[in-house]
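Here's the structure we're looking at; comments come further down.
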Amino acid sequence: MTKRHCSCPKGSDSRQNFLSWAGSYKSVSRWFSRYNLEEMLDENDGLVQLSGFLPKHVAEGALEIVQQVPEVQWNATSADDDVTRNNIAHGFLSTKDPSAAPGLEQLLRLFLVLMPEELHTFSVARYTQGHHINSHDDRAYTDVQMEDGSIIQCSRTIAVIYYLTKNWKAEYGGLLRDCVTNKVYIPEFNSAIAFRVPRYHEVTRMNTNQPRFSVFGWFLQPGQLYELFQGDDARAESAGQHEPQADSEAVMRPTGCQLSDEEILNASSSHSGASPGKRQRKVVSASANSPHALSTLLASKKVLDRRERLSRLKAI
């Protein structure tokens with residue numbers, strides 16, 4: 001008996017599986033009901049890793065969607081250390097344009113289901129040779145334009161990153177270094193990491209042209225919830241010498257980010273055996289197109305319920 005083979009590209013099937021799942025309110029809401037992000041962060045000292053963040057077949061489709069973002073849609077961002085402008089040295093590619101690739105809008109919208117009552121901003125990132133982000137704590141104010149045209153200033157409160165790179169090795173670079181615990185982690189496919197802002201962390205320099213893909217962003221709350229260090233204050237803070245305010249946390253000092261390359265590889269190898277499905281405490285960088293720049297995004301002034309939000313996840 002002759003076997004019949006489907007002539008459809010495997011990638012198209014993966015993307016369609018993603019779109020079908022993402023367009024189902026019942027499927028998405030049932031899956032995300034397992035994540036109470038605020039509670040999980042409280043139980044894990046402000047930082048939590050979620051292995052198997054999406055169903056495996058959905059993650060495969062998400063990876064294909066990000067891989068199909070055309071070169072022209074990736075925005076390069078880079079800067080040198082400049083404390084007078086609140087900049088840290090960094091370089092990578094990103095886009096937050098939902099039309100950059102078929103299915104990207106649905107992928108980005110999935111993350112708002114984690115905290116449906118919060119304002120948010122999410123993007124996709126691609127790291128290759130030489131890309132990195134120096135030590136920083138993700139503090140930033142974001143101007144949010146409401147539906148009525150008014151603009152409110154918000155602060156980042158929770159950072160989230162979702163890894164979409166398979167079989168990553170420590171020698172590739174692009175590792176996540178937590179300056180609070182001095183631990184270093186290798187990106188794990190289909191895992192999400194969330195942590196409260198501020199928290200010092202960095203992304204080590206990439207040593208390969210093999211792309212490292214991720215989705216990253218923040219949940220936001222109105223107001224200036226912390227100070228942004230400027231000038232001499234920023235220089236002292238980056239050196240771990242700034243005197244903390246009475247209501248700040250001493251653990252936010254970046255002194256844990258002073259490891260040699262050999263120490264980085266040793267630290268990463270000692271934490272690379274996490275079993276799928278078991279929550280581990282990790283941190284990750286979730287840097288913006290410019291880590292401390294003001295940005296503008298569209299947001300609804302009224303909070304949409306989950307069903308109304310998820311109705312926008314359906315395929316275009």
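By order of appearance in the structure tokens: chains A, B, ..., then residues from 1 within every chain, and ligands from 1 in the order shown.
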
For Pro187 in chain A, work out the shell of residues within 7 Å, counting only C-alpha atoms and skipping chain neighbours fewer than 5 positions away, then give it as a PyMOL selection string. chain A and resi 163+168+175

Please return, as a ChimeraX atom specification, all residues of range 16-243 of chain A that DSSP assigns to strand (DSSP E or B) on the basis of the backbone. /A:47-51,75-79,82,87,90-95,119-127,132-136,141-145,151-163,176-178,184-185,191-196,201-203,212-222

Selected residues, C-alpha atoms, written as a tab-separated table (two decimals), in the first residue's frame, please.
```tsv
chain	number	residue	atom	x	y	z
A	47	LEU	CA	10.95	36.17	40.04
A	48	VAL	CA	9.49	33.06	38.44
A	49	GLN	CA	10.15	30.80	35.44
A	50	LEU	CA	7.31	29.02	33.65
A	51	SER	CA	8.55	26.04	31.63
A	75	ASN	CA	14.66	47.58	13.95
A	76	ALA	CA	18.28	47.82	15.07
A	77	THR	CA	18.89	49.53	18.39
A	78	SER	CA	22.22	50.16	20.06
A	79	ALA	CA	23.91	52.59	22.44
A	82	ASP	CA	25.86	57.31	28.83
A	87	ASN	CA	21.55	54.81	28.68
A	90	HIS	CA	23.20	47.47	24.43
A	91	GLY	CA	22.50	46.20	20.94
A	92	PHE	CA	19.86	43.91	19.42
A	93	LEU	CA	17.00	43.81	16.87
A	94	SER	CA	13.30	44.11	17.67
A	95	THR	CA	9.87	44.98	16.34
A	119	LEU	CA	-1.69	48.18	30.60
A	120	HIS	CA	1.12	46.53	28.68
A	121	THR	CA	3.65	46.75	25.85
A	122	PHE	CA	5.24	43.73	24.11
A	123	SER	CA	7.69	43.20	21.23
A	124	VAL	CA	9.70	40.42	19.60
A	125	ALA	CA	13.50	40.38	19.62
A	126	ARG	CA	16.32	38.81	17.62
A	127	TYR	CA	19.88	38.63	18.95
A	132	HIS	CA	24.12	42.17	24.32
A	133	ILE	CA	22.68	44.34	27.11
A	134	ASN	CA	24.82	45.57	29.99
A	135	SER	CA	23.61	45.51	33.57
A	136	HIS	CA	20.34	47.42	34.08
A	141	TYR	CA	8.45	55.58	32.40
A	142	THR	CA	6.15	54.96	29.44
A	143	ASP	CA	3.70	57.51	28.02
A	144	VAL	CA	0.41	55.76	27.25
A	145	GLN	CA	-2.08	57.33	24.87
A	151	ILE	CA	-1.74	60.65	27.71
A	152	ILE	CA	-0.82	59.23	31.09
A	153	GLN	CA	2.66	58.38	32.32
A	154	CYS	CA	3.13	54.83	33.57
A	155	SER	CA	5.93	52.82	35.17
A	156	ARG	CA	7.08	49.33	34.27
A	157	THR	CA	6.17	46.99	37.13
A	158	ILE	CA	6.53	43.42	35.82
A	159	ALA	CA	8.84	42.24	33.03
A	160	VAL	CA	8.12	39.12	30.99
A	161	ILE	CA	10.21	37.30	28.41
A	162	TYR	CA	9.28	34.23	26.37
A	163	TYR	CA	12.09	32.23	24.74
A	176	LEU	CA	20.80	35.70	31.14
A	177	ARG	CA	22.76	36.88	34.16
A	178	ASP	CA	20.91	37.72	37.38
A	184	VAL	CA	23.49	32.62	34.80
A	185	TYR	CA	20.92	30.84	32.65
A	191	SER	CA	9.73	28.99	28.71
A	192	ALA	CA	8.60	32.33	30.07
A	193	ILE	CA	10.26	34.29	32.85
A	194	ALA	CA	8.68	37.11	34.82
A	195	PHE	CA	10.15	39.39	37.47
A	196	ARG	CA	9.27	42.56	39.27
A	201	HIS	CA	20.21	41.75	35.16
A	202	GLU	CA	22.05	41.64	31.84
A	203	VAL	CA	22.36	39.68	28.59
A	212	ARG	CA	18.14	33.97	19.47
A	213	PHE	CA	14.42	34.80	19.30
A	214	SER	CA	12.15	35.95	22.13
A	215	VAL	CA	9.01	37.89	22.99
A	216	PHE	CA	9.55	40.50	25.70
A	217	GLY	CA	7.69	43.32	27.38
A	218	TRP	CA	6.22	44.81	30.50
A	219	PHE	CA	3.02	45.34	32.38
A	220	LEU	CA	2.51	48.96	33.43
A	221	GLN	CA	0.87	50.95	36.20
A	222	PRO	CA	0.03	54.68	36.14
```

Among range 89-200 of chain A, which residues carry a DSSP assignment of alpha helix (DSSP H), reported as a compact mmCIF listing (two decimals) with N, CA, C and O atoms, in the first residue's frame?
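As written to disk, out06.txt reads:
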```
# COMPACT_ATOMS: atom_id res chain seq x y z
N LEU A 104 1.74 37.45 13.92
CA LEU A 104 2.48 38.14 14.98
C LEU A 104 1.52 38.90 15.90
O LEU A 104 1.75 38.97 17.12
N GLU A 105 0.49 39.47 15.35
CA GLU A 105 -0.49 40.18 16.19
C GLU A 105 -1.10 39.24 17.22
O GLU A 105 -1.22 39.58 18.41
N GLN A 106 -1.48 38.04 16.80
CA GLN A 106 -2.08 37.08 17.72
C GLN A 106 -1.07 36.64 18.78
O GLN A 106 -1.43 36.46 19.95
N LEU A 107 0.19 36.49 18.40
CA LEU A 107 1.22 36.08 19.35
C LEU A 107 1.41 37.15 20.43
O LEU A 107 1.44 36.85 21.63
N LEU A 108 1.53 38.40 20.04
CA LEU A 108 1.75 39.47 21.01
C LEU A 108 0.54 39.65 21.93
O LEU A 108 0.70 39.93 23.13
N ARG A 109 -0.65 39.47 21.39
CA ARG A 109 -1.86 39.65 22.20
C ARG A 109 -2.03 38.57 23.26
O ARG A 109 -2.72 38.78 24.26
N LEU A 110 -1.42 37.40 23.05
CA LEU A 110 -1.55 36.34 24.04
C LEU A 110 -1.05 36.77 25.41
O LEU A 110 -1.58 36.36 26.44
```

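Here CA of Asn17 in chain A and CA of Val58 in chain A stand 6.4 Å from one another.
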
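Here CA of Leu63 in chain A and CA of Leu164 in chain A stand 5.6 Å from one another.
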
Neighbouring residues of Arg139 in chain A were defined as those with any atom within 7 Å, considering only C-alpha atoms; residues of the same chain fewer than 2 positions away were excluded. Please report them as a list in words.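 The filter keeps Asp137, Arg156, Val197, Pro198, Leu228 and His292 of chain A.
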
What does the file look like for those residues with N, CA and C atoms, as a CSV table (one decimal), in the first residue's frame?
```csv
chain,number,residue,atom,x,y,z
A,137,ASP,N,18.3,47.7,35.3
A,137,ASP,CA,17.2,47.2,36.2
A,137,ASP,C,15.8,47.4,35.6
A,156,ARG,N,7.0,50.8,34.4
A,156,ARG,CA,7.1,49.3,34.3
A,156,ARG,C,7.1,48.7,35.7
A,197,VAL,N,9.9,44.7,38.5
A,197,VAL,CA,10.9,45.8,38.2
A,197,VAL,C,10.8,46.8,39.4
A,198,PRO,N,12.0,47.3,39.9
A,198,PRO,CA,13.4,47.1,39.3
A,198,PRO,C,14.1,45.8,39.8
A,228,LEU,N,14.2,57.5,38.5
A,228,LEU,CA,15.2,57.2,37.4
A,228,LEU,C,16.5,57.9,37.7
A,292,HIS,N,15.8,52.6,28.5
A,292,HIS,CA,15.2,53.6,29.4
A,292,HIS,C,14.5,54.7,28.6
```

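Going from CA of Gly23 in chain A over to CA of Glu64 in chain A, you cover 17.1 Å.
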
Nearest residue to Pro70 in chain A from the set A:Leu41, A:Ala100, A:Ser12, A:Pro55 (distances using only C-alpha atoms):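 Of A:Leu41, A:Ala100, A:Ser12, A:Pro55, the one nearest Pro70 in chain A is A:Ala100, counting only C-alpha atoms.
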
Shell of 12 Å around Trp21 in chain A, only C-alpha atoms, local chain residues under 3 positions omitted, as a list in words: Ser14, Arg15, Gln16, Asn17, Phe18, Ser24, Tyr25, Lys26, Ser27, Val28, Ser29, Arg30, Trp31, Leu54, Pro55, Lys56, His57, Val58, Ala59, Gly61, Ala62, Gly103, Gln106, Leu107, Leu110, Leu310, Leu313, Lys314 and Ala315 of chain A
